Number of protein chains: 2
Amino acid sequence: MPAKIVDVAREAGVSVGTVSKALNDRGQLKPHTRAHVRAVAERLGFRPNDLAQSLLRGRSFTIGLISSDRFGRFSIPLLEGIEEALDPERIAVFLCKPTDDPEHERRHVAALLAKRVDGIIVTARRTDPRRPLDLGREVLPVLYAYARVEDDAATCLLPDDFGGGHLAGQHLARLGRRAIAHITGPDRFDAVRQRRDGLRAAMREAGLPWREELVLSGPWSESWGREAVTRLLAERRRFDALFCGSDQIARGAVDALREHGKAVPGDVAVVGFDNWEIVAAETRPPLTSIDPDLMELGRQAGLRLLAMIGGESQPGTTTLPCRLVVRQSCGAAETRTAA
Amino acid sequence: MPAKIVDVAREAGVSVGTVSKALNDRGQLKPHTRAHVRAVAERLGFRPNDLAQSLLRGRSFTIGLISSDRFGRFSIPLLEGIEEALDPERIAVFLCKPTDDPEHERRHVAALLAKRVDGIIVTARRTDPRRPLDLGREVLPVLYAYARVEDDAATCLLPDDFGGGHLAGQHLARLGRRAIAHITGPDRFDAVRQRRDGLRAAMREAGLPWREELVLSGPWSESWGREAVTRLLAERRRFDALFCGSDQIARGAVDALREHGKAVPGDVAVVGFDNWEIVAAETRPPLTSIDPDLMELGRQAGLRLLAMIGGESQPGTTTLPCRLVVRQSCGAAETRTAA
DNA sequence: CCCGCAACGGAAAACCTTTTCCGAGACCGA
DNA sequence: TCGGTCTCGGAAAAGGTTTTCCGTTGCGGG
C-alpha cells in the first residue's frame, strides 16, 4: 500500500535507478532532475522499504537486546543509552524478555538470528555471572552490558563497583567519619565483593581501620537493611557511617536507625548504591548514593557494539566509572561528580 | 555468511524450491527426499532469512512498542504480556523510548514505518490523555495500551480503574470498615476520578456515607501520602480505613500512621493501588493492593493488535478487570481474586 | 560538418525465499 | 504395448531497493 520506488519513477517520468540516485545523492544527475524526483517522492510520501534495503546490503540495521531484568529497572536506562548511541546509525532495537527457562532464551535468540540482527546486547537482572549466549555455529557480535559472563573472550561492560565502593568510602572519610559499617548483598555476587574491597581501599588510604564485624551480608532487600542495623545496634557496635550495597538496603537501614533514635546524618551518615531515584529521593533524609550511570553504560555499549559490527573485536571486561550523587544522608551539601 | 537455501539445495542435490517445500511441509515430496533435505538443512544450520520472507509476504512479522514510561515500570510487564501473545505468531517487538520531544517521537515512528512493522502499540507514562500517534498518510493498526488518547476512533486498552476502586471499597466495607479515607493523585488524571467514583459506588452499595473531606488529591509520591495522613490526623478526621491511589502514596501513608501511633490494620486498614511488588511487599505491614494486571493487559493488547493486523478493526476503549491482592494491611487473611 | 568526450539516465543484476506452474518419469490398466 | 494418471521435483517469477555498467544525447572544438 505505501508508495514504492516504481511509483515515484512512473510519476516522475524517470527510471527507478534514477529515483534511487536522486534520493541518495549518488550518480550524476542534473540538479533539475534531482529536485523534481525529490519533489515527487515527497508528494507521494515515499519511504524506502528497509526490508529490501537490508536484504541487499546484507545488514538489517537492527540489534537485539536480551534482558532478563524483571521490572526493567536496569534495562530501561540501558536501552535509553543504547538508543542514543544507535540513533545516528538509524539502528532499531528488538527487546526480548526471556523467562528463566533457557529454552525460551534459545527461541528468542533463534528469532533474532532469523531476523539477521547485526548484533546482540545481553543484560542481566543482577550482575551475577551467567553462561555465555548460545549462538550455535553462527558468528555475531555479542556484548554483555551490566552482566558478567563465564567466558574471558566475551566483551563485557560493567560499572566499576570497586570504584563505586571507593568513592563511597572516600566521601565518608572526608566528612570525618571514622567507623564505616557496610550492609550489603549476598557474598556470591562479584559486585558485592568489589564494592566492599573498594570501601576497604578507601578506608586504608584514609588511615581508618577495617573491622570485619561491621560488614554484614544478606539479601538485597529493605528488610535486610532494617534487620542488619538492628543487629549492629543490639551488639553495641560503634559506627558513625554506613555504606549500603543498594538503595533498598539503605532505605531499610535509615528507617531502622531513625526508629532506634539514631539521627541521620547526625549520628550516622549513610551512602546507598544504585541511585534509584524512586527509592533514594523518598528516603528520609534523601539518600546520598553511588550512581552506576546505566544510561552512559548503555551508550558505551551501543558505541562498542557498533565498533564490533564494524569489524573491530574488543574482547575483555571494561568498567565504567560510577558517580557520587550527594543528597542529604551524609550532611554534605556540595554536589560532586567523580570521574 | 550463514547458510542460504541454495547451499542446502546444492548440498542435498535438489533445487531450492524443493528445499523450501521440504522444510515448510508444502507440495508433494517423497518422504525420503523430505527427510534428506531436512537432515542437510539441520547439518548446515540453515535458518531462513526473515528479511527475504518478509519482503515476499509483504509483512515483517514485527511490531513497534512506543513507550514513554521513564523507568519501564509499566512498559516491561506490558511487554511481557505482549510477547506472550505474539510469540506463537513469531512476531518480534521493536521497543522505542522517545523522549518528550515530539520530533523524537516522529523520528521513531518514521523508523518503524520504514521497517514496515505490522502494527504499533503505544503506552504512556501515566494514563493521562495524549495526542494520537501521527502516521502521516500511512495506514497501520495502532493500539493504545495503558494510555488514553484524544480520539474516539482509536483503540484503547485500559485497566478498569472504576472497578479497581470499587473492589477496594468493597473489600474494606466487607471487613467492617465504615469510614474510608481516600488519598490519591492529581485530579486531572482520569484514573484518579475513576478510582474515586468506584470507591464511592462501593460505599453507597454498602450503605456507607461519602464524605468529601476524606478525599485528598496530591502528587503521586510517598511524601504526599505522609503529608495527607498527617493532615487528616491534625484535623481530627475520623477514619478506620484508607484507600490510596498508588502503592507509593500508601506506603507513605502507612509509615505516617505508624509514626503517629496508629496501628495498621488495627486502627486503620489500608489498600494501595498498582500492586507494585517492590513497594507493596516492603511496606510494614505488606500492602493489600489493587493489581491492574499489566501483563494480562499486554497479552490482550497483543491479541487485539493481532486481530487488527488480520483486518478486524475494533475501535473504542476497552477496560480490563483489576485484581485484589490481599496482604496484611487490612487484616484479612483470605486471598481473593475478583473477576 | 564531423568526431570525441562529457554528462546524464536507463537496464539489469543482486540480495533470499516462497509458490505456482509445468514437465518428466513411473506405474497401472486395458 | 500404449495411453492416461499420479507423483515428484524443477524452473521461474515475485517482492523492493541499490548499484554497476552501458547507451544515448548534446555540445565543443577542429
# chains A, B, ... in the order shown; residues from 1 in each chain; ligands from 1

$ interface_residues --of "chain B" --to "chain C" --cutoff "10 Å" --atoms "only C-alpha atoms (C1' of nucleotides)" --output "JSON, numbers by chain"
{"B": [4, 5, 6, 16, 17, 20, 21, 24, 26, 27, 48, 49, 50, 51, 52, 53, 54, 55, 56, 57]}

$ calpha_fit_rmsd --fixed "chain A" --moving "chain B"
0.2 Å

$ interface_residues --of "chain A" --to "chain B" --cutoff "6 Å" --atoms "only C-alpha atoms" --output "list of chain:residue names"
A:Asn49, A:Asp50, A:Leu51, A:Phe71, A:Gly72, A:Ile76, A:Val93, A:Phe94, A:Leu95, A:Ala114, A:Lys115

$ write_last_selection --atoms "C-alpha atoms" --output "compact mmCIF listing (two decimals), in the first residue's frame"
# COMPACT_ATOMS: atom_id res chain seq x y z
CA ASN A 49 11.43 -0.24 2.37
CA ASP A 50 14.08 -1.12 4.92
CA LEU A 51 13.46 -4.80 4.37
CA PHE A 71 10.93 -4.94 36.02
CA GLY A 72 13.07 -3.04 33.56
CA ILE A 76 15.26 0.64 30.52
CA VAL A 93 16.34 -2.36 18.87
CA PHE A 94 14.42 -5.59 19.34
CA LEU A 95 13.78 -6.09 23.03
CA ALA A 114 16.48 -15.27 11.69
CA LYS A 115 15.84 -11.54 11.63

$ closest_atom_pairs --of "chain D" --to "chain A" --cutoff "10 Å" --atoms "only C-alpha atoms (C1' of nucleotides)" --output "CSV"
residue,atom,partner,partner_atom,distance
D:DG15,C1',A:Ala52,CA,8.4
D:DG16,C1',A:Ala52,CA,5.2
D:DT17,C1',A:Ala52,CA,5.5
D:DT18,C1',A:Ser20,CA,7.1
D:DT19,C1',A:Gly17,CA,8.5

$ atom_distance --atom1 "CA of Asp7 in chain A" --atom2 "CA of Glu89 in chain A"
27.3 Å

$ select_by_dssp --residues "range 66-287 of chain B" --states "alpha helix (DSSP H)" --output "VMD selection string"
chain B and resid 75 to 86 102 to 114 161 to 174 190 to 205 222 to 234 247 to 259 277 to 280

$ residues_around --residues "range 9-13 of chain D" --least-positions-apart "4" --cutoff "8 Å" --atoms "only C-alpha atoms (C1' of nucleotides)" --output "count of residues only"
5

$ select_by_dssp --residues "range 154-194 of chain B" --states "strand (DSSP E)" --output "PyMOL selection string"
chain B and resi 155-159+180-184

$ residues_around --residues "Arg231 in chain A" --least-positions-apart "2" --cutoff "12 Å" --atoms "only C-alpha atoms (C1' of nucleotides)" --output "list in words"
Ala181, Ile183, Glu213, Leu214, Val215, Leu216, Trp224, Gly225, Arg226, Glu227, Ala228, Val229, Leu233, Ala234, Glu235, Arg236, Arg237, Arg238, Ala253, Ala256, Leu257 and His260 of chain A

$ residues_around --residues "Gly81 in chain B" --least-positions-apart "4" --cutoff "7 Å" --atoms "only C-alpha atoms (C1' of nucleotides)" --output "MDAnalysis selection string"
chainID B and resid 77 85 295:299

$ write_last_selection --atoms "C-alpha atoms" --output "compact mmCIF listing (two decimals), in the first residue's frame"
# COMPACT_ATOMS: atom_id res chain seq x y z
CA PRO B 77 5.17 -6.00 32.38
CA ALA B 85 0.60 -13.13 22.86
CA MET B 295 0.82 -8.46 32.00
CA GLU B 296 -2.68 -9.58 31.13
CA LEU B 297 -3.32 -6.13 29.68
CA GLY B 298 -0.26 -6.63 27.50
CA ARG B 299 -1.44 -10.04 26.45
